[in-house]
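Have a look at the structure below, then the notes.
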2 protein chains.
Amino acid sequence: QGTRDHPPAQAALRDRLLAAVVACFKRHGAAAIDTPVLELRETLTGKYGEEAKLIYELQDQGGELLALRYDLTVPFARYLAMNKITNMKRYHVAKVYRRDNPATTRGRYREFYQCDFDIAGQFDPMIPDAECLKIVHEILSDLQLGDFLIKVNDRRILNGVFAICGIPESKFITACSTVDKLDKIPWQDVKNEMVGEKGLSPEAADRIGEYVQLHGGLDLIERLLQDPKLSQNKLAKEGLGDMKLLFEYLTLFGITGKISFDLSLARGLDYYTGVIFEAVLLQQENDHVEEPVSVGSVAGGGRYDGLVGMFDPKGRKVPCVGVSIGIERIFSILEQRVKASGEKVRATETQVLVATPQKHLLAARLKLISELWDAGIKAEMFYKKDPKLLKQLQYCEDTGIPLAAIVGEQELTDGVVKLRDVATRQEVRM
Amino acid sequence: QGTRDHPPAQAALRDRLLAAVVACFKRHGAAAIDTPVLELRETLTGKYGEEAKLIYELQDQGGELLALRYDLTVPFARYLAMNKITNMKRYHVAKVYRRDNPATTRGRYREFYQCDFDIAGQFDPMIPDAECLKIVHEILSDLQLGDFLIKVNDRRILNGVFAICGIPESKFITACSTVDKLDKIPWQDVKNEMVGEKGLSPEAADRIGEYVQLHGGLDLIERLLQDPKLSQNKLAKEGLGDMKLLFEYLTLFGITGKISFDLSLARGLDYYTGVIFEAVLLQQENDHVEEPVSVGSVAGGGRYDGLVGMFDPKGRKVPCVGVSIGIERIFSILEQRVKASGEKVRATETQVLVATPQKHLLAARLKLISELWDAGIKAEMFYKKDPKLLKQLQYCEDTGIPLAAIVGEQELTDGVVKLRDVATRQEVRM
């Protein structure tokens, strides 16, 4: 349940998609690492908040207690701490596991790929953070997924907002998770949840509402830096200062057109400590609607400066920032697009079918195909002794093989091969 | 225990190795499929004989009872039956899981990659089987692993030998597993095990010994076809006839020089029904030894005509033959070789470092690197505002980045970039 086989056409499309993402990660100088699917249960404990119940555990068959990895971030942090690495730019493309309620039509599975790029190390502020956003921008542009928007916020700004609105620190995380729903439900419902379920006062909720419904660019950052209450909060001020710096760098990258500083963005995971971001695809629902409609998040990430320290015996911190590309949702979109366009994705890369038009020519086919393979040419032949020529040519058309190399009795006598272009039916003897 | 992280240099080497293997599979027209790491426990039950105890099971957390896949063959058979596919050539490169005693120095892990190529379908005899052997030959040649030998046998021939030596059919499989040890221990020990542990009579064991110590080529096949007892056994006769055909095809492929018909080859798994094979690397231990010494199996496979039927409600069979490349052992060998040669495997593919020689030039670097990324060039820069030029150039040397694109105050004024070849220290302004 919630898993699937990828048949050849899907696997080929997915490989194409993953190759584009990896190409971008490599373009940014990242190195690949690989970690086991199995992690010690204790490694995953206490990292995912409420979501921990979705972790797959292995049966205790003797030996260590194990679980399947839930994401690639925690294994990366564990890897850094274990190997005392304080400086690394890595990517990792691999499957992760969540015992979630699958919603396969929306691309939500229990086994799915994550494509992560992370920068670990103590650096000058916001330079690696800006690169992560540049990467999201490049990948979504490269894949031609249509218009998109990258929302940016900072956990420190959110916490500052909660503080000046009179929320006790113990309720920051739960308030965060309610705010995070603002992209799906209207403010009134968010407020009701805050007051009803989370026990905030209506006045506090209203004060929060004034802030978290704001979104904009550099102008909004400047305005909030002048905000009499928010500018008094140390965390918020730091966050806003860094946000301003981030926008400077993004301006140099020329990508601010797709970036929105959005105070409603909160992100679910506990471990974020600074900048957070999320990319959504926009869709012009129809001509009446003026604002483009979000069709869901396709990338997300942020800064997590405390996670590596949780794995170090002495608690030594390694600041990190990273991005995860939501490959499954993008894959669903591309798959629908391929279906709609009628494009046939080839499942193989075969260049030539070695064919014979008469009987008793298996030996000739085996000799020729062997020569082709040894020359590095992608070639197939039928596994029948005496296949019909028509069937062989039909197979080429069905599977998109562009050429047929035909050896008949005449060709054998003349010491040539007849090369046929399957589409045009033109033939040359060579 | 028995798993490992692949740091960047290893991950890069492994990617290179996997790419070579996949290139060969694609050259033979195979399509990729992907199946989940999780399978239903019942899918794996009864497929692996004694080895079943090594299957990793997941905790029962409600819902289906799951296990981690043990190999890629059973999931492939399950996939074919589930989708009623009767004809397919596929490859699959992925990790499998075995709760074995790890022997990591010999490349034996609990999580490891398998690289499988299989041909499913009803075809004329031995044509797909010959292609599997050709593939092993190509991969081992491409990887330049040194001299190798591909041992070939047929389960039907072995069963025929057991039958004419008076072994009851119920003991065929256990006799097989003892015979399979002949490449590691001498005949006398194998005989002792047959008589002592497996309860065969010494006379029967001796009769088996006369056969299973034979190895050779077409001449041996011909001789056994004339063997008065063996030629009377239906299964053995079929197996020998097909073996002869196989050698004909392998002769057309020009690879019989590396093939040995070896009656001691038995292979561990239950599901083989016909041709079986295994490739070993040979090593000239020293000048005194005349026979090359085997350093272990690096590929294996065979025909399994009954496995798919086990997953079909009506038991419909789909004949299959396939090969699995022992990538972990090959990886160990390549890694040792790289170490010995002192070759430095680059972990990244970065082409150029964007560097500055003076302070206050971060903006210039950000602008230039953004242009390079957008042009598809693999580029890195330091995440410090004002890094020292010497450190930047040192980084290029350490990580193998061939070029540095330097923007200083003068270059900014002149509207140029200074491109430096890190190895030769030559610079051009452009």
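Order determines the names: the first chain of the structure tokens is A, the second B, and so forth; residues in each chain are numbered 1 upward, and ligands are numbered 1 upward as they are shown.
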Give the residues of chain A that lie within 7 Å of chain B; count only C-alpha atoms, and format the answer as a compact mmCIF listing (two decimals) with all heavy atoms, in the first residue's frame.
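Wrote it out as result31.txt, contents follow:
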```
# COMPACT_ATOMS: atom_id res chain seq x y z
N THR A 3 3.02 2.09 -2.16
CA THR A 3 4.25 1.95 -2.95
C THR A 3 3.84 1.57 -4.36
O THR A 3 2.68 1.30 -4.63
CB THR A 3 5.18 0.86 -2.41
OG1 THR A 3 4.56 -0.42 -2.62
CG2 THR A 3 5.45 1.05 -0.93
N ARG A 4 4.79 1.57 -5.27
CA ARG A 4 4.43 1.22 -6.64
C ARG A 4 5.66 0.74 -7.40
O ARG A 4 6.79 1.06 -7.05
CB ARG A 4 3.87 2.44 -7.37
CG ARG A 4 4.98 3.46 -7.63
CD ARG A 4 4.47 4.85 -7.71
NE ARG A 4 5.37 5.67 -6.93
CZ ARG A 4 5.71 6.91 -7.26
NH1 ARG A 4 5.20 7.49 -8.32
NH2 ARG A 4 6.56 7.58 -6.52
N ASP A 5 5.38 -0.03 -8.43
CA ASP A 5 6.41 -0.39 -9.40
C ASP A 5 6.46 0.71 -10.46
O ASP A 5 5.43 1.26 -10.84
CB ASP A 5 6.06 -1.71 -10.08
CG ASP A 5 6.01 -2.88 -9.09
OD1 ASP A 5 6.93 -2.97 -8.26
OD2 ASP A 5 5.07 -3.68 -9.16
N HIS A 6 7.66 1.01 -10.91
CA HIS A 6 7.80 1.90 -12.06
C HIS A 6 8.04 1.05 -13.30
O HIS A 6 9.13 0.51 -13.47
CB HIS A 6 8.99 2.82 -11.90
CG HIS A 6 8.71 4.02 -11.06
ND1 HIS A 6 7.84 5.01 -11.44
CD2 HIS A 6 9.20 4.41 -9.87
CE1 HIS A 6 7.81 5.96 -10.51
NE2 HIS A 6 8.63 5.61 -9.54
N PRO A 7 7.05 0.94 -14.19
CA PRO A 7 7.30 0.23 -15.44
C PRO A 7 8.27 1.04 -16.31
O PRO A 7 8.54 2.21 -16.02
CB PRO A 7 5.91 0.14 -16.07
CG PRO A 7 5.11 1.20 -15.43
CD PRO A 7 5.69 1.45 -14.08
N PRO A 8 8.79 0.41 -17.37
CA PRO A 8 9.87 1.03 -18.15
C PRO A 8 9.64 2.48 -18.59
O PRO A 8 10.53 3.32 -18.40
CB PRO A 8 10.00 0.11 -19.36
CG PRO A 8 9.63 -1.23 -18.82
CD PRO A 8 8.54 -0.97 -17.83
N ALA A 11 9.96 4.62 -15.60
CA ALA A 11 11.33 4.62 -15.09
C ALA A 11 12.22 5.50 -15.98
O ALA A 11 13.09 6.22 -15.48
CB ALA A 11 11.87 3.19 -15.03
N ALA A 12 11.98 5.45 -17.28
CA ALA A 12 12.79 6.26 -18.21
C ALA A 12 12.52 7.75 -17.99
O ALA A 12 13.44 8.57 -17.96
CB ALA A 12 12.49 5.87 -19.66
N LYS A 26 25.25 19.17 -9.48
CA LYS A 26 26.67 19.08 -9.85
C LYS A 26 27.19 20.42 -10.35
O LYS A 26 28.35 20.76 -10.15
CB LYS A 26 26.86 18.01 -10.93
CG LYS A 26 26.78 16.60 -10.42
CD LYS A 26 27.14 15.60 -11.52
CE LYS A 26 27.20 14.19 -10.97
NZ LYS A 26 27.44 13.20 -12.05
N ARG A 27 26.33 21.15 -11.06
CA ARG A 27 26.69 22.47 -11.55
C ARG A 27 27.08 23.38 -10.39
O ARG A 27 27.88 24.30 -10.55
CB ARG A 27 25.51 23.05 -12.32
CG ARG A 27 25.82 24.22 -13.19
CD ARG A 27 24.79 24.37 -14.29
NE ARG A 27 23.46 24.66 -13.79
CZ ARG A 27 22.35 24.01 -14.16
NH1 ARG A 27 22.41 23.02 -15.03
NH2 ARG A 27 21.17 24.33 -13.66
N HIS A 28 26.51 23.11 -9.23
CA HIS A 28 26.83 23.92 -8.05
C HIS A 28 27.92 23.29 -7.19
O HIS A 28 28.08 23.64 -6.03
CB HIS A 28 25.55 24.17 -7.25
CG HIS A 28 24.66 25.18 -7.91
ND1 HIS A 28 24.60 26.50 -7.52
CD2 HIS A 28 23.83 25.08 -8.98
CE1 HIS A 28 23.75 27.16 -8.31
NE2 HIS A 28 23.26 26.32 -9.20
N GLY A 29 28.63 22.33 -7.78
CA GLY A 29 29.82 21.80 -7.11
C GLY A 29 29.55 20.85 -5.96
O GLY A 29 30.42 20.64 -5.11
N ALA A 30 28.36 20.25 -5.93
CA ALA A 30 28.07 19.32 -4.84
C ALA A 30 28.64 17.94 -5.14
O ALA A 30 28.71 17.52 -6.29
CB ALA A 30 26.57 19.23 -4.62
N ALA A 31 29.05 17.24 -4.08
CA ALA A 31 29.50 15.86 -4.18
C ALA A 31 28.37 14.95 -3.73
O ALA A 31 27.57 15.33 -2.88
CB ALA A 31 30.72 15.65 -3.30
N ALA A 32 28.31 13.74 -4.29
CA ALA A 32 27.29 12.78 -3.89
C ALA A 32 27.76 12.01 -2.67
O ALA A 32 28.94 11.72 -2.53
CB ALA A 32 27.02 11.80 -5.03
N ILE A 33 26.85 11.71 -1.75
CA ILE A 33 27.15 10.68 -0.76
C ILE A 33 26.00 9.69 -0.80
O ILE A 33 24.95 9.94 -1.39
CB ILE A 33 27.32 11.19 0.68
CG1 ILE A 33 26.00 11.72 1.27
CG2 ILE A 33 28.42 12.24 0.79
CD1 ILE A 33 26.05 11.83 2.79
N ASP A 34 26.24 8.53 -0.21
CA ASP A 34 25.21 7.51 -0.13
C ASP A 34 25.19 7.01 1.31
O ASP A 34 26.25 6.78 1.88
CB ASP A 34 25.54 6.38 -1.11
CG ASP A 34 24.42 5.37 -1.20
OD1 ASP A 34 23.26 5.73 -0.94
OD2 ASP A 34 24.70 4.20 -1.54
N THR A 35 24.02 6.89 1.89
CA THR A 35 23.91 6.36 3.25
C THR A 35 22.91 5.21 3.22
O THR A 35 22.12 5.11 2.28
CB THR A 35 23.42 7.44 4.25
OG1 THR A 35 22.08 7.80 3.92
CG2 THR A 35 24.30 8.68 4.20
N PRO A 36 22.95 4.33 4.22
CA PRO A 36 22.03 3.18 4.19
C PRO A 36 20.56 3.58 4.33
O PRO A 36 20.25 4.60 4.94
CB PRO A 36 22.46 2.36 5.42
CG PRO A 36 23.82 2.84 5.78
CD PRO A 36 23.86 4.27 5.37
N GLU A 57 9.49 0.89 11.39
CA GLU A 57 10.48 0.20 12.22
C GLU A 57 10.68 -1.22 11.74
O GLU A 57 9.74 -1.86 11.26
CB GLU A 57 10.00 0.21 13.68
CG GLU A 57 9.89 1.62 14.21
CD GLU A 57 9.57 1.67 15.70
OE1 GLU A 57 9.17 0.64 16.26
OE2 GLU A 57 9.74 2.76 16.27
N LEU A 58 11.91 -1.71 11.90
CA LEU A 58 12.16 -3.11 11.56
C LEU A 58 11.89 -3.98 12.76
O LEU A 58 12.04 -3.57 13.90
CB LEU A 58 13.59 -3.31 11.04
CG LEU A 58 13.65 -3.12 9.52
CD1 LEU A 58 13.81 -1.67 9.17
CD2 LEU A 58 14.72 -3.97 8.90
N GLN A 59 11.49 -5.20 12.46
CA GLN A 59 11.30 -6.23 13.46
C GLN A 59 12.59 -6.41 14.25
O GLN A 59 13.68 -6.34 13.66
CB GLN A 59 10.99 -7.52 12.69
CG GLN A 59 10.67 -8.70 13.50
CD GLN A 59 9.17 -8.85 13.66
OE1 GLN A 59 8.57 -8.28 14.57
NE2 GLN A 59 8.56 -9.57 12.75
N PHE A 123 29.85 29.89 7.64
CA PHE A 123 30.21 30.82 6.57
C PHE A 123 29.66 32.21 6.86
O PHE A 123 28.94 32.40 7.84
CB PHE A 123 29.66 30.32 5.23
CG PHE A 123 30.13 28.95 4.86
CD1 PHE A 123 29.23 27.89 4.80
CD2 PHE A 123 31.47 28.71 4.58
CE1 PHE A 123 29.66 26.61 4.47
CE2 PHE A 123 31.90 27.43 4.25
CZ PHE A 123 30.99 26.39 4.19
N ASP A 124 29.94 33.16 5.97
CA ASP A 124 29.33 34.47 6.13
C ASP A 124 27.84 34.35 5.82
O ASP A 124 27.43 33.56 4.96
CB ASP A 124 30.03 35.49 5.22
CG ASP A 124 31.33 35.97 5.84
OD1 ASP A 124 31.36 36.16 7.08
OD2 ASP A 124 32.33 36.11 5.12
N ILE A 127 25.02 33.62 2.26
CA ILE A 127 25.57 33.29 0.94
C ILE A 127 25.15 31.88 0.53
O ILE A 127 24.59 31.70 -0.55
CB ILE A 127 27.10 33.49 0.88
CG1 ILE A 127 27.47 34.89 1.41
CG2 ILE A 127 27.61 33.32 -0.54
CD1 ILE A 127 28.98 35.15 1.45
N PRO A 128 25.33 30.85 1.40
CA PRO A 128 24.82 29.52 1.00
C PRO A 128 23.30 29.48 0.91
O PRO A 128 22.75 28.78 0.05
CB PRO A 128 25.32 28.57 2.10
CG PRO A 128 25.97 29.40 3.13
CD PRO A 128 26.11 30.79 2.65
N LEU A 252 21.36 40.16 -7.03
CA LEU A 252 22.55 39.92 -7.86
C LEU A 252 22.37 38.67 -8.73
O LEU A 252 22.86 38.62 -9.85
CB LEU A 252 23.79 39.76 -6.98
CG LEU A 252 24.24 41.06 -6.29
CD1 LEU A 252 25.20 40.77 -5.15
CD2 LEU A 252 24.88 42.01 -7.30
N PHE A 253 21.67 37.68 -8.22
CA PHE A 253 21.38 36.48 -9.01
C PHE A 253 20.27 36.74 -10.03
O PHE A 253 20.00 35.89 -10.89
CB PHE A 253 20.92 35.32 -8.10
CG PHE A 253 22.02 34.67 -7.30
CD1 PHE A 253 21.72 33.96 -6.14
CD2 PHE A 253 23.35 34.72 -7.70
CE1 PHE A 253 22.72 33.34 -5.41
CE2 PHE A 253 24.35 34.10 -6.97
CZ PHE A 253 24.04 33.41 -5.81
N ALA A 347 11.35 3.44 -23.84
CA ALA A 347 11.81 2.79 -22.63
C ALA A 347 13.24 2.27 -22.80
O ALA A 347 13.93 2.01 -21.84
CB ALA A 347 10.89 1.64 -22.27
N THR A 348 13.68 2.12 -24.03
CA THR A 348 15.04 1.65 -24.30
C THR A 348 15.73 2.65 -25.21
O THR A 348 15.11 3.58 -25.74
CB THR A 348 15.05 0.28 -24.99
OG1 THR A 348 14.53 0.44 -26.32
CG2 THR A 348 14.21 -0.73 -24.24
N GLU A 349 17.03 2.47 -25.41
CA GLU A 349 17.79 3.37 -26.25
C GLU A 349 18.34 2.67 -27.49
O GLU A 349 19.26 3.15 -28.14
CB GLU A 349 18.94 3.98 -25.43
CG GLU A 349 18.44 4.79 -24.25
CD GLU A 349 19.56 5.31 -23.37
OE1 GLU A 349 20.75 5.21 -23.75
OE2 GLU A 349 19.25 5.82 -22.28
N THR A 350 17.78 1.51 -27.79
CA THR A 350 18.28 0.70 -28.90
C THR A 350 18.35 1.49 -30.20
O THR A 350 17.38 2.15 -30.58
CB THR A 350 17.37 -0.54 -29.09
OG1 THR A 350 17.25 -1.19 -27.82
CG2 THR A 350 17.95 -1.48 -30.12
N ALA A 363 22.80 -17.61 -37.41
CA ALA A 363 24.25 -17.45 -37.20
C ALA A 363 24.72 -16.09 -37.71
O ALA A 363 25.53 -15.41 -37.05
CB ALA A 363 25.01 -18.57 -37.91
N LEU A 366 23.68 -13.46 -35.19
CA LEU A 366 24.49 -13.51 -33.97
C LEU A 366 25.87 -12.90 -34.21
O LEU A 366 26.40 -12.18 -33.36
CB LEU A 366 24.62 -14.95 -33.48
CG LEU A 366 23.35 -15.56 -32.87
CD1 LEU A 366 23.52 -17.05 -32.61
CD2 LEU A 366 22.98 -14.86 -31.56
N LYS A 367 26.47 -13.19 -35.39
CA LYS A 367 27.80 -12.65 -35.68
C LYS A 367 27.75 -11.13 -35.80
O LYS A 367 28.58 -10.41 -35.26
CB LYS A 367 28.36 -13.25 -36.98
CG LYS A 367 29.03 -14.59 -36.76
CD LYS A 367 29.77 -15.05 -38.00
CE LYS A 367 31.17 -14.44 -38.06
NZ LYS A 367 32.04 -15.30 -38.92
N SER A 370 26.98 -9.26 -32.47
CA SER A 370 28.15 -9.32 -31.60
C SER A 370 29.17 -8.23 -31.99
O SER A 370 29.72 -7.55 -31.13
CB SER A 370 28.77 -10.71 -31.74
OG SER A 370 29.90 -10.84 -30.94
N TRP A 373 27.68 -4.84 -30.80
CA TRP A 373 27.84 -4.65 -29.34
C TRP A 373 29.30 -4.30 -29.02
O TRP A 373 29.55 -3.39 -28.23
CB TRP A 373 27.44 -5.92 -28.59
CG TRP A 373 25.96 -6.17 -28.52
CD1 TRP A 373 24.96 -5.23 -28.50
CD2 TRP A 373 25.31 -7.45 -28.44
NE1 TRP A 373 23.74 -5.85 -28.41
CE2 TRP A 373 23.91 -7.21 -28.37
CE3 TRP A 373 25.75 -8.76 -28.41
CZ2 TRP A 373 22.98 -8.25 -28.27
CZ3 TRP A 373 24.83 -9.80 -28.30
CH2 TRP A 373 23.45 -9.54 -28.24
N GLY A 376 30.16 -0.88 -29.38
CA GLY A 376 29.46 0.06 -28.52
C GLY A 376 28.11 0.51 -29.04
O GLY A 376 27.54 1.49 -28.56
N ILE A 377 27.59 -0.20 -30.03
CA ILE A 377 26.29 0.19 -30.61
C ILE A 377 25.17 -0.57 -29.90
O ILE A 377 25.28 -1.77 -29.64
CB ILE A 377 26.30 -0.09 -32.13
CG1 ILE A 377 27.25 0.90 -32.80
CG2 ILE A 377 24.90 0.01 -32.71
CD1 ILE A 377 27.64 0.54 -34.20
N LYS A 378 24.11 0.17 -29.57
CA LYS A 378 22.99 -0.44 -28.87
C LYS A 378 22.13 -1.21 -29.86
O LYS A 378 21.50 -0.61 -30.73
CB LYS A 378 22.15 0.64 -28.18
CG LYS A 378 22.92 1.35 -27.07
CD LYS A 378 22.20 2.59 -26.60
CE LYS A 378 23.10 3.41 -25.70
NZ LYS A 378 22.88 4.84 -25.85
N ALA A 379 22.14 -2.51 -29.73
CA ALA A 379 21.50 -3.35 -30.74
C ALA A 379 20.68 -4.47 -30.11
O ALA A 379 21.03 -5.00 -29.06
CB ALA A 379 22.57 -3.95 -31.65
N GLU A 380 19.58 -4.80 -30.78
CA GLU A 380 18.75 -5.92 -30.37
C GLU A 380 18.53 -6.85 -31.55
O GLU A 380 18.70 -6.48 -32.70
CB GLU A 380 17.37 -5.42 -29.91
CG GLU A 380 17.34 -4.80 -28.53
CD GLU A 380 15.91 -4.39 -28.16
OE1 GLU A 380 15.07 -5.30 -27.95
OE2 GLU A 380 15.63 -3.18 -28.10
N TYR A 383 14.77 -13.26 -30.42
CA TYR A 383 15.30 -14.51 -29.87
C TYR A 383 14.65 -15.73 -30.54
O TYR A 383 14.54 -16.78 -29.92
CB TYR A 383 15.08 -14.56 -28.36
CG TYR A 383 15.79 -13.45 -27.63
CD1 TYR A 383 15.10 -12.59 -26.78
CD2 TYR A 383 17.16 -13.25 -27.79
CE1 TYR A 383 15.75 -11.58 -26.11
CE2 TYR A 383 17.82 -12.23 -27.12
CZ TYR A 383 17.10 -11.40 -26.28
OH TYR A 383 17.75 -10.39 -25.62
N LYS A 384 14.18 -15.53 -31.76
CA LYS A 384 13.63 -16.66 -32.52
C LYS A 384 14.61 -17.03 -33.60
O LYS A 384 15.34 -16.17 -34.11
CB LYS A 384 12.29 -16.26 -33.16
CG LYS A 384 11.15 -16.19 -32.18
CD LYS A 384 9.84 -15.95 -32.91
CE LYS A 384 9.40 -17.19 -33.68
NZ LYS A 384 7.98 -17.10 -34.09
N LYS A 385 14.63 -18.30 -33.95
CA LYS A 385 15.55 -18.72 -35.00
C LYS A 385 15.18 -18.09 -36.33
O LYS A 385 16.03 -17.58 -37.05
CB LYS A 385 15.56 -20.25 -35.12
CG LYS A 385 16.57 -20.89 -34.19
CD LYS A 385 16.85 -22.33 -34.58
CE LYS A 385 15.63 -23.19 -34.23
NZ LYS A 385 15.97 -24.64 -34.29
```
Out of range 309-424 of chain B, which residues get helix (DSSP H, G or I) from DSSP, as a VMD selection string? chain B and resid 309 to 311 327 to 341 362 to 374 389 to 399 409 to 414
Pick out the residues sitting within 8 Å of Val321 in chain B, and hand them over as a list in words; count only C-alpha atoms, and ignore anything fewer than 4 positions along from it in its own chain. Asp118, Ile119, Ala120, Pro128, Asp129, Cys132, Gly301, Gly302, Arg303, Tyr304 and Asp305 of chain B
Convert the current residue selection to file output with all heavy atoms, as an mmCIF file, in the first residue's frame.
```cif
data_model
loop_
_atom_site.group_PDB
_atom_site.id
_atom_site.type_symbol
_atom_site.label_atom_id
_atom_site.label_comp_id
_atom_site.auth_asym_id
_atom_site.auth_seq_id
_atom_site.Cartn_x
_atom_site.Cartn_y
_atom_site.Cartn_z
ATOM 1 N N ASP B 118 17.725 -9.361 -17.009
ATOM 2 C CA ASP B 118 16.969 -10.593 -17.209
ATOM 3 C C ASP B 118 16.162 -10.532 -18.498
ATOM 4 O O ASP B 118 15.706 -9.458 -18.901
ATOM 5 C CB ASP B 118 16.017 -10.830 -16.033
ATOM 6 C CG ASP B 118 16.737 -11.143 -14.740
ATOM 7 O OD1 ASP B 118 17.223 -10.194 -14.092
ATOM 8 O OD2 ASP B 118 16.846 -12.319 -14.392
ATOM 9 N N ILE B 119 15.991 -11.695 -19.099
ATOM 10 C CA ILE B 119 15.168 -11.814 -20.300
ATOM 11 C C ILE B 119 14.045 -12.795 -19.992
ATOM 12 O O ILE B 119 14.303 -13.950 -19.665
ATOM 13 C CB ILE B 119 15.995 -12.310 -21.504
ATOM 14 C CG1 ILE B 119 17.147 -11.348 -21.794
ATOM 15 C CG2 ILE B 119 15.102 -12.478 -22.723
ATOM 16 C CD1 ILE B 119 18.152 -11.881 -22.802
ATOM 17 N N ALA B 120 12.812 -12.305 -20.085
ATOM 18 C CA ALA B 120 11.648 -13.145 -19.818
ATOM 19 C C ALA B 120 10.923 -13.394 -21.122
ATOM 20 O O ALA B 120 10.764 -12.481 -21.933
ATOM 21 C CB ALA B 120 10.710 -12.454 -18.828
ATOM 22 N N PRO B 128 18.623 -16.329 -25.674
ATOM 23 C CA PRO B 128 18.786 -15.357 -24.575
ATOM 24 C C PRO B 128 19.860 -15.778 -23.579
ATOM 25 O O PRO B 128 20.571 -14.924 -23.037
ATOM 26 C CB PRO B 128 17.406 -15.308 -23.910
ATOM 27 C CG PRO B 128 16.570 -16.335 -24.553
ATOM 28 C CD PRO B 128 17.256 -16.881 -25.731
ATOM 29 N N ASP B 129 19.991 -17.079 -23.334
ATOM 30 C CA ASP B 129 21.003 -17.569 -22.396
ATOM 31 C C ASP B 129 22.398 -17.162 -22.873
ATOM 32 O O ASP B 129 23.247 -16.728 -22.082
ATOM 33 C CB ASP B 129 20.919 -19.100 -22.275
ATOM 34 C CG ASP B 129 19.471 -19.581 -22.067
ATOM 35 O OD1 ASP B 129 18.648 -19.333 -22.975
ATOM 36 O OD2 ASP B 129 19.184 -20.170 -21.022
ATOM 37 N N CYS B 132 23.119 -13.498 -22.166
ATOM 38 C CA CYS B 132 23.502 -13.223 -20.773
ATOM 39 C C CYS B 132 25.001 -13.449 -20.570
ATOM 40 O O CYS B 132 25.679 -12.663 -19.898
ATOM 41 C CB CYS B 132 22.696 -14.104 -19.817
ATOM 42 S SG CYS B 132 20.978 -13.595 -19.677
ATOM 43 N N GLY B 301 24.356 -16.272 -12.512
ATOM 44 C CA GLY B 301 22.984 -16.250 -12.946
ATOM 45 C C GLY B 301 22.565 -17.582 -13.497
ATOM 46 O O GLY B 301 23.240 -18.600 -13.291
ATOM 47 N N GLY B 302 21.444 -17.583 -14.197
ATOM 48 C CA GLY B 302 20.963 -18.822 -14.764
ATOM 49 C C GLY B 302 19.511 -18.705 -15.174
ATOM 50 O O GLY B 302 18.925 -17.623 -15.150
ATOM 51 N N ARG B 303 18.995 -19.851 -15.552
ATOM 52 C CA ARG B 303 17.618 -19.927 -16.048
ATOM 53 C C ARG B 303 16.687 -20.356 -14.926
ATOM 54 O O ARG B 303 16.997 -21.275 -14.172
ATOM 55 C CB ARG B 303 17.569 -20.912 -17.215
ATOM 56 C CG ARG B 303 16.180 -21.133 -17.805
ATOM 57 C CD ARG B 303 16.216 -21.735 -19.187
ATOM 58 N NE ARG B 303 16.563 -20.720 -20.186
ATOM 59 C CZ ARG B 303 15.716 -19.799 -20.650
ATOM 60 N NH1 ARG B 303 14.464 -19.732 -20.191
ATOM 61 N NH2 ARG B 303 16.099 -18.928 -21.544
ATOM 62 N N TYR B 304 15.568 -19.639 -14.790
ATOM 63 C CA TYR B 304 14.574 -19.977 -13.757
ATOM 64 C C TYR B 304 13.199 -19.926 -14.407
ATOM 65 O O TYR B 304 12.570 -18.898 -14.465
ATOM 66 C CB TYR B 304 14.689 -19.048 -12.548
ATOM 67 C CG TYR B 304 14.723 -17.568 -12.871
ATOM 68 C CD1 TYR B 304 13.588 -16.770 -12.710
ATOM 69 C CD2 TYR B 304 15.877 -16.968 -13.340
ATOM 70 C CE1 TYR B 304 13.607 -15.423 -13.007
ATOM 71 C CE2 TYR B 304 15.902 -15.615 -13.653
ATOM 72 C CZ TYR B 304 14.761 -14.850 -13.487
ATOM 73 O OH TYR B 304 14.782 -13.511 -13.806
ATOM 74 N N ASP B 305 12.759 -21.071 -14.928
ATOM 75 C CA ASP B 305 11.524 -21.097 -15.714
ATOM 76 C C ASP B 305 10.267 -21.233 -14.850
ATOM 77 O O ASP B 305 9.159 -21.045 -15.359
ATOM 78 C CB ASP B 305 11.580 -22.234 -16.743
ATOM 79 C CG ASP B 305 12.558 -21.923 -17.871
ATOM 80 O OD1 ASP B 305 12.995 -20.751 -17.972
ATOM 81 O OD2 ASP B 305 12.893 -22.840 -18.643
#
```
Would you mind listing what lies within 10 Å of range 183-195 of chain B as a PyMOL selection string, with only C-alpha atoms counted and same-chain residues fewer than 3 positions away left out? chain B and resi 174-175+177-180+198-206+208-209+212-213+264-265+294+296
Write out as a ChimeraX atom specification all residues of range 61-179 of chain B that backbone DSSP assigns to strand (DSSP E). /B:66-68,88-97,111-120,148-154
Just checking: using only C-alpha atoms, which residue out of A:Val407, A:Ile139, A:Ala236, A:Leu281 ends up closest to Val22 in chain A? A:Ile139
